[in-house]
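For reference, my_file_22.tsv is printed below; it contains TSV, C-alpha atoms.
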chain	number	residue	atom	x	y	z
A	902	MET	CA	-11.49	-44.56	24.17
A	903	LEU	CA	-11.80	-41.26	22.30
A	904	THR	CA	-8.81	-40.20	20.23
A	905	ASN	CA	-8.05	-37.10	18.17
A	906	MET	CA	-8.91	-37.56	14.51
A	907	THR	CA	-6.09	-37.04	12.07
A	908	PHE	CA	-6.52	-35.10	8.85
A	909	ASP	CA	-6.12	-38.23	6.71
A	910	ALA	CA	-9.45	-39.55	8.07
A	911	PHE	CA	-11.34	-36.46	6.90
A	912	ASP	CA	-13.12	-38.09	3.95
A	913	GLU	CA	-14.46	-40.92	6.13
A	914	PHE	CA	-15.58	-38.36	8.73
A	915	PHE	CA	-17.31	-36.25	6.06
A	916	ASP	CA	-19.12	-39.30	4.67
A	917	ILE	CA	-20.58	-40.05	8.13
A	918	LEU	CA	-21.36	-36.36	8.72
A	919	SER	CA	-23.22	-35.91	5.42
A	920	ALA	CA	-25.16	-39.16	5.92
A	921	SER	CA	-26.18	-38.17	9.47
A	922	PHE	CA	-27.24	-34.52	9.11
A	923	PRO	CA	-29.50	-32.50	6.79
A	924	LYS	CA	-27.53	-30.39	4.29
A	925	GLU	CA	-28.46	-27.18	6.16
A	926	GLU	CA	-26.70	-28.40	9.32
A	927	TYR	CA	-23.16	-28.85	8.04
A	928	ARG	CA	-20.73	-26.94	5.84
A	929	PRO	CA	-19.85	-27.86	2.27
A	930	TYR	CA	-16.83	-30.19	1.95
A	931	ALA	CA	-14.12	-27.54	1.39
A	932	ALA	CA	-15.43	-25.24	4.13
A	933	GLN	CA	-15.62	-28.14	6.59
A	934	LYS	CA	-12.06	-29.16	5.74
A	935	ARG	CA	-10.78	-25.61	6.35
A	936	LEU	CA	-11.89	-25.85	9.98
A	937	PHE	CA	-8.74	-27.86	10.68
A	938	ASP	CA	-6.90	-24.53	10.44
A	939	LYS	CA	-8.78	-23.28	13.52
A	940	ALA	CA	-6.96	-23.81	16.83
A	941	GLU	CA	-10.25	-24.18	18.75
A	942	TYR	CA	-11.64	-26.89	16.45
A	943	GLY	CA	-11.04	-30.62	16.65
A	944	ILE	CA	-12.70	-33.97	16.11
A	945	LEU	CA	-12.68	-36.75	18.66
A	946	ILE	CA	-13.36	-40.22	17.28
A	947	LEU	CA	-14.25	-43.56	18.72
A	948	PRO	CA	-12.13	-45.97	16.65
A	949	TYR	CA	-14.08	-48.59	14.73
A	950	ALA	CA	-11.76	-51.31	16.04
A	951	ASP	CA	-12.85	-50.49	19.62
A	952	VAL	CA	-16.47	-51.50	18.95
A	953	ALA	CA	-16.62	-54.02	16.11
A	954	GLU	CA	-15.05	-57.46	15.89
A	955	THR	CA	-14.90	-57.47	12.11
A	956	ASN	CA	-14.07	-54.67	9.71
A	957	ALA	CA	-13.89	-55.93	6.16
A	958	ASP	CA	-14.26	-52.42	4.72
A	959	GLY	CA	-11.29	-50.90	6.58
A	960	LYS	CA	-13.38	-48.34	8.45
A	961	THR	CA	-11.53	-46.35	11.11
A	962	ILE	CA	-14.32	-44.24	12.64
A	963	ALA	CA	-17.24	-45.75	14.59
A	964	ALA	CA	-18.47	-42.39	15.91
A	965	PHE	CA	-17.24	-38.83	16.28
A	966	LEU	CA	-17.68	-35.55	18.14
A	967	ALA	CA	-16.67	-32.45	16.19
A	968	LEU	CA	-16.15	-29.71	18.74
A	969	TRP	CA	-14.91	-26.23	19.47
A	970	ASP	CA	-13.05	-25.68	22.74
A	971	PHE	CA	-13.39	-22.06	23.86
A	972	GLY	CA	-11.64	-22.40	27.21
A	973	THR	CA	-14.62	-21.74	29.45
A	974	PHE	CA	-16.96	-24.06	27.53
A	975	ALA	CA	-16.94	-26.51	24.63
A	976	TYR	CA	-19.42	-26.50	21.78
A	977	LEU	CA	-20.30	-29.92	20.37
A	978	GLU	CA	-21.05	-28.93	16.78
A	979	HIS	CA	-21.56	-32.38	15.27
A	980	PHE	CA	-22.01	-35.73	16.92
A	981	ALA	CA	-22.76	-38.96	15.05
A	982	VAL	CA	-22.51	-42.72	15.26
A	983	ARG	CA	-22.24	-44.81	12.09
A	984	SER	CA	-25.72	-46.00	11.18
A	985	GLU	CA	-24.84	-49.70	11.46
A	986	LEU	CA	-23.50	-49.19	14.99
A	987	ARG	CA	-26.43	-47.26	16.46
A	988	SER	CA	-28.41	-48.57	19.47
A	989	MET	CA	-25.25	-49.98	21.06
A	990	GLY	CA	-24.84	-47.21	23.65
A	991	LEU	CA	-21.96	-45.57	21.77
A	992	GLY	CA	-23.56	-42.12	21.74
A	993	ALA	CA	-23.92	-42.11	25.53
A	994	ARG	CA	-20.36	-43.39	25.83
A	995	LEU	CA	-19.04	-40.56	23.64
A	996	LEU	CA	-20.86	-37.86	25.59
A	997	LYS	CA	-19.66	-39.27	28.92
A	998	GLU	CA	-16.04	-39.54	27.75
A	999	ALA	CA	-16.14	-36.04	26.23
A	1000	GLY	CA	-17.44	-34.57	29.49
A	1001	GLU	CA	-14.75	-36.36	31.50
A	1002	ARG	CA	-12.03	-35.33	29.08
A	1003	LEU	CA	-13.02	-31.69	28.63
A	1004	LYS	CA	-14.04	-30.95	32.25
A	1005	LYS	CA	-16.05	-27.85	31.32
A	1006	PRO	CA	-19.63	-26.97	30.40
A	1007	LEU	CA	-20.77	-28.51	27.11
A	1008	VAL	CA	-23.13	-26.80	24.65
A	1009	LEU	CA	-24.93	-28.24	21.65
A	1010	GLU	CA	-27.68	-27.20	19.26
A	1011	CYS	CA	-30.88	-29.17	18.75
A	1012	GLU	CA	-34.20	-28.72	17.02
A	1013	PRO	CA	-36.95	-27.24	19.21
A	1014	HIS	CA	-39.09	-29.57	21.29
A	1015	GLY	CA	-42.12	-30.58	19.24
A	1016	ALA	CA	-40.49	-29.88	15.86
A	1017	ASN	CA	-40.87	-33.56	14.96
A	1018	GLU	CA	-40.66	-37.00	16.56
A	1019	MET	CA	-36.92	-37.34	15.89
A	1020	ALA	CA	-36.20	-33.96	17.50
A	1021	ASP	CA	-38.09	-35.05	20.62
A	1022	ARG	CA	-36.15	-38.33	20.69
A	1023	ARG	CA	-32.82	-36.47	20.37
A	1024	ILE	CA	-33.73	-34.08	23.19
A	1025	ALA	CA	-34.74	-37.02	25.39
A	1026	PHE	CA	-31.43	-38.75	24.59
A	1027	TYR	CA	-29.42	-35.67	25.51
A	1028	GLU	CA	-31.44	-35.18	28.70
A	1029	ARG	CA	-30.72	-38.80	29.71
A	1030	ASN	CA	-27.07	-37.94	29.24
A	1031	GLY	CA	-27.00	-34.87	31.47
A	1032	PHE	CA	-28.01	-32.05	29.12
A	1033	VAL	CA	-30.68	-29.44	29.83
A	1034	LEU	CA	-32.79	-27.67	27.19
A	1035	ASN	CA	-32.56	-23.88	27.53
A	1036	GLU	CA	-35.70	-22.08	26.33
A	1037	TYR	CA	-34.03	-18.99	24.80
A	1038	PRO	CA	-34.57	-18.08	21.12
A	1039	TYR	CA	-31.65	-19.14	18.95
A	1040	ILE	CA	-31.00	-19.27	15.21
A	1041	GLN	CA	-28.24	-21.31	13.64
A	1042	PRO	CA	-26.92	-19.10	10.85
A	1043	SER	CA	-26.65	-20.48	7.32
A	1044	MET	CA	-23.86	-23.04	6.93
A	1045	GLY	CA	-23.19	-21.99	3.33
A	1046	GLU	CA	-24.61	-20.80	0.05
A	1047	GLY	CA	-28.06	-22.24	-0.61
A	1048	ARG	CA	-28.46	-23.32	3.03
A	1049	ASP	CA	-31.04	-21.59	5.20
A	1050	PRO	CA	-30.65	-20.39	8.80
A	1051	ILE	CA	-32.43	-22.79	11.18
A	1052	PRO	CA	-34.35	-22.05	14.38
A	1053	LEU	CA	-32.73	-24.28	17.01
A	1054	MET	CA	-32.28	-24.42	20.77
A	1055	LEU	CA	-29.16	-24.70	22.91
A	1056	MET	CA	-28.75	-27.57	25.34
A	1057	THR	CA	-26.10	-27.41	28.05
A	1058	SER	CA	-24.43	-29.80	30.42
A	1059	PRO	CA	-24.13	-30.16	33.34
A	1060	SER	CA	-26.91	-27.65	34.09
A	1061	ALA	CA	-29.25	-25.01	32.71
A	1062	ILE	CA	-27.85	-21.54	32.05
A	1063	ASP	CA	-29.16	-18.07	32.77
A	1064	GLU	CA	-29.91	-15.51	30.07
A	1065	GLU	CA	-26.55	-13.75	30.49
A	1066	THR	CA	-24.60	-17.00	30.02
A	1067	PHE	CA	-26.82	-17.90	27.07
A	1068	ALA	CA	-26.01	-14.52	25.45
A	1069	PHE	CA	-22.28	-15.16	26.03
A	1070	TYR	CA	-22.45	-18.65	24.50
A	1071	ARG	CA	-24.54	-17.45	21.54
A	1072	GLY	CA	-22.18	-14.51	20.93
A	1073	THR	CA	-19.14	-16.78	21.04
A	1074	LEU	CA	-20.72	-19.24	18.60
A	1075	TYR	CA	-21.73	-16.47	16.20
A	1076	GLU	CA	-18.31	-14.83	16.36
A	1077	LYS	CA	-16.08	-17.92	16.26
A	1078	VAL	CA	-18.08	-20.72	14.64
A	1079	TYR	CA	-20.14	-18.68	12.18
A	1080	GLU	CA	-17.59	-15.89	11.73
A	1081	THR	CA	-17.77	-15.75	7.95
A	1082	LEU	CA	-21.46	-14.98	7.94
A	1083	ASP	CA	-23.05	-11.59	7.41
A	1084	LYS	CA	-24.05	-10.08	10.78
A	1085	LYS	CA	-27.67	-9.54	9.69
A	1086	GLU	CA	-28.06	-13.36	9.62
A	1087	ARG	CA	-27.11	-13.53	13.29
A	1088	VAL	CA	-30.38	-13.22	15.16
Can you present the structure in this file as structure tokens?
Amino acid sequence: MLTNMTFDAFDEFFDILSASFPKEEYRPYAAQKRLFDKAEYGILILPYADVAETNADGKTIAAFLALWDFGTFAYLEHFAVRSELRSMGLGARLLKEAGERLKKPLVLECEPHGANEMADRRIAFYERNGFVLNEYPYIQPSMGEGRDPIPLMLMTSPSAIDEETFAFYRGTLYEKVYETLDKKERV
């Protein structure tokens, strides 16, 4: 069962985050840690003890969903399963539990279809779990100094969105999630 991550587990979370995502797709350590000051931000974890019989290394996090709850929708910013626990259905379990818990539309970013084999596999995974790829142009602004903006797409659950809703979601993400960025980076 998903639980709220406590601040003392931040280093373990960041280790999984940095091992699971390219540098351009997450904030530097200090900037990521500061997100705990944001009321809309939180991290749901699947406890390691819930999925593994042994735990010699004292791990507490098997998987996590870092998300922003904006009232009318939730943005799943980062989602990862520990590498040694992948292919056990934990990712699907997390998405299902998050949807049941949040009871609102979910939004996430992904690489465009055809960007590479892994991007296509991720999109297929999300589609199997109730997400729809929306074909509107979207750029993830830079996540920090030395990190480039990235052309991505938005996927939504439980259904596709129209252009007006897309513009609302994009505007909310740019204003709240990427608020410290220069407006000219926000395409």
What are the closest atom pairs, with distances in Å to one decimal, for all residues of stretch 917-939 of chain A lying within 12 Å of stretch 958-975 of chain A? Consider all atoms listed in the file, order rows by chain and residue number, and present the result as a Markdown table.
| residue | atom | partner | partner_atom | distance |
| --- | --- | --- | --- | --- |
| A:Ile917 | CA | A:Ala964 | CA | 8.4 |
| A:Leu918 | CA | A:Phe965 | CA | 9.0 |
| A:Ser921 | CA | A:Ala964 | CA | 10.9 |
| A:Tyr927 | CA | A:Ala967 | CA | 11.0 |
| A:Gln933 | CA | A:Ala967 | CA | 10.6 |
| A:Lys934 | CA | A:Ala967 | CA | 11.9 |
| A:Leu936 | CA | A:Trp969 | CA | 10.0 |
| A:Phe937 | CA | A:Ala967 | CA | 10.7 |
| A:Lys939 | CA | A:Trp969 | CA | 9.0 |
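A straight line drawn from atom CA of A:Glu1010 to atom CA of A:Glu978 is 7.3 Å long.
Among the candidates A:Glu998, A:Asp1063, A:Thr907, A:Ser1043, the residue lying nearest to A:Tyr1075 is A:Ser1043 (atoms considered: only C-alpha atoms).
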Checklist entry - Between atom CA of A:Leu995 and atom CA of A:Leu947, what is the spacing in Å? => result 7.5 Å
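Interatomic distance, atom CA of A:Thr904 to atom CA of A:Arg935: 20.2 Å.
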Checklist entry - Residues at most 10 Å from A:Tyr1039, counting all atoms listed in the file, excluding those fewer than 5 positions away in the same chain, as a VMD selection string? => result chain A and resid 1010 1013 1051 to 1055 1067 to 1068 1071 1087 to 1088
Listed atoms of stretch 987-995 of chain A boxed axis-aligned with 6 Å per side, centre + edges as JSON:
{"center_x": -23.7, "center_y": -45.3, "center_z": 21.1, "size_x": 21.4, "size_y": 21.4, "size_z": 21.4}
Checklist entry - Looking at A:Gly1031, A:Ala953, A:Phe915, A:Lys1005, which one is nearest to A:Arg987, with distances taken over only C-alpha atoms? => result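 Checking each candidate against A:Arg987, we get A:Ala953 as the closest.
The closest residue to A:Phe1026, picked from A:Ile1040, A:Thr955, A:Ala993, A:Gly1072 and counting all atoms listed in the file, is A:Ala993.
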Checklist entry - Which of these residues is nearest to A:Leu986, using all atoms listed in the file: A:Asp951, A:Asp909, A:Asp938, A:Glu1076? => result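 Of A:Asp951, A:Asp909, A:Asp938, A:Glu1076, the one nearest A:Leu986 is A:Asp951, counting all atoms listed in the file.
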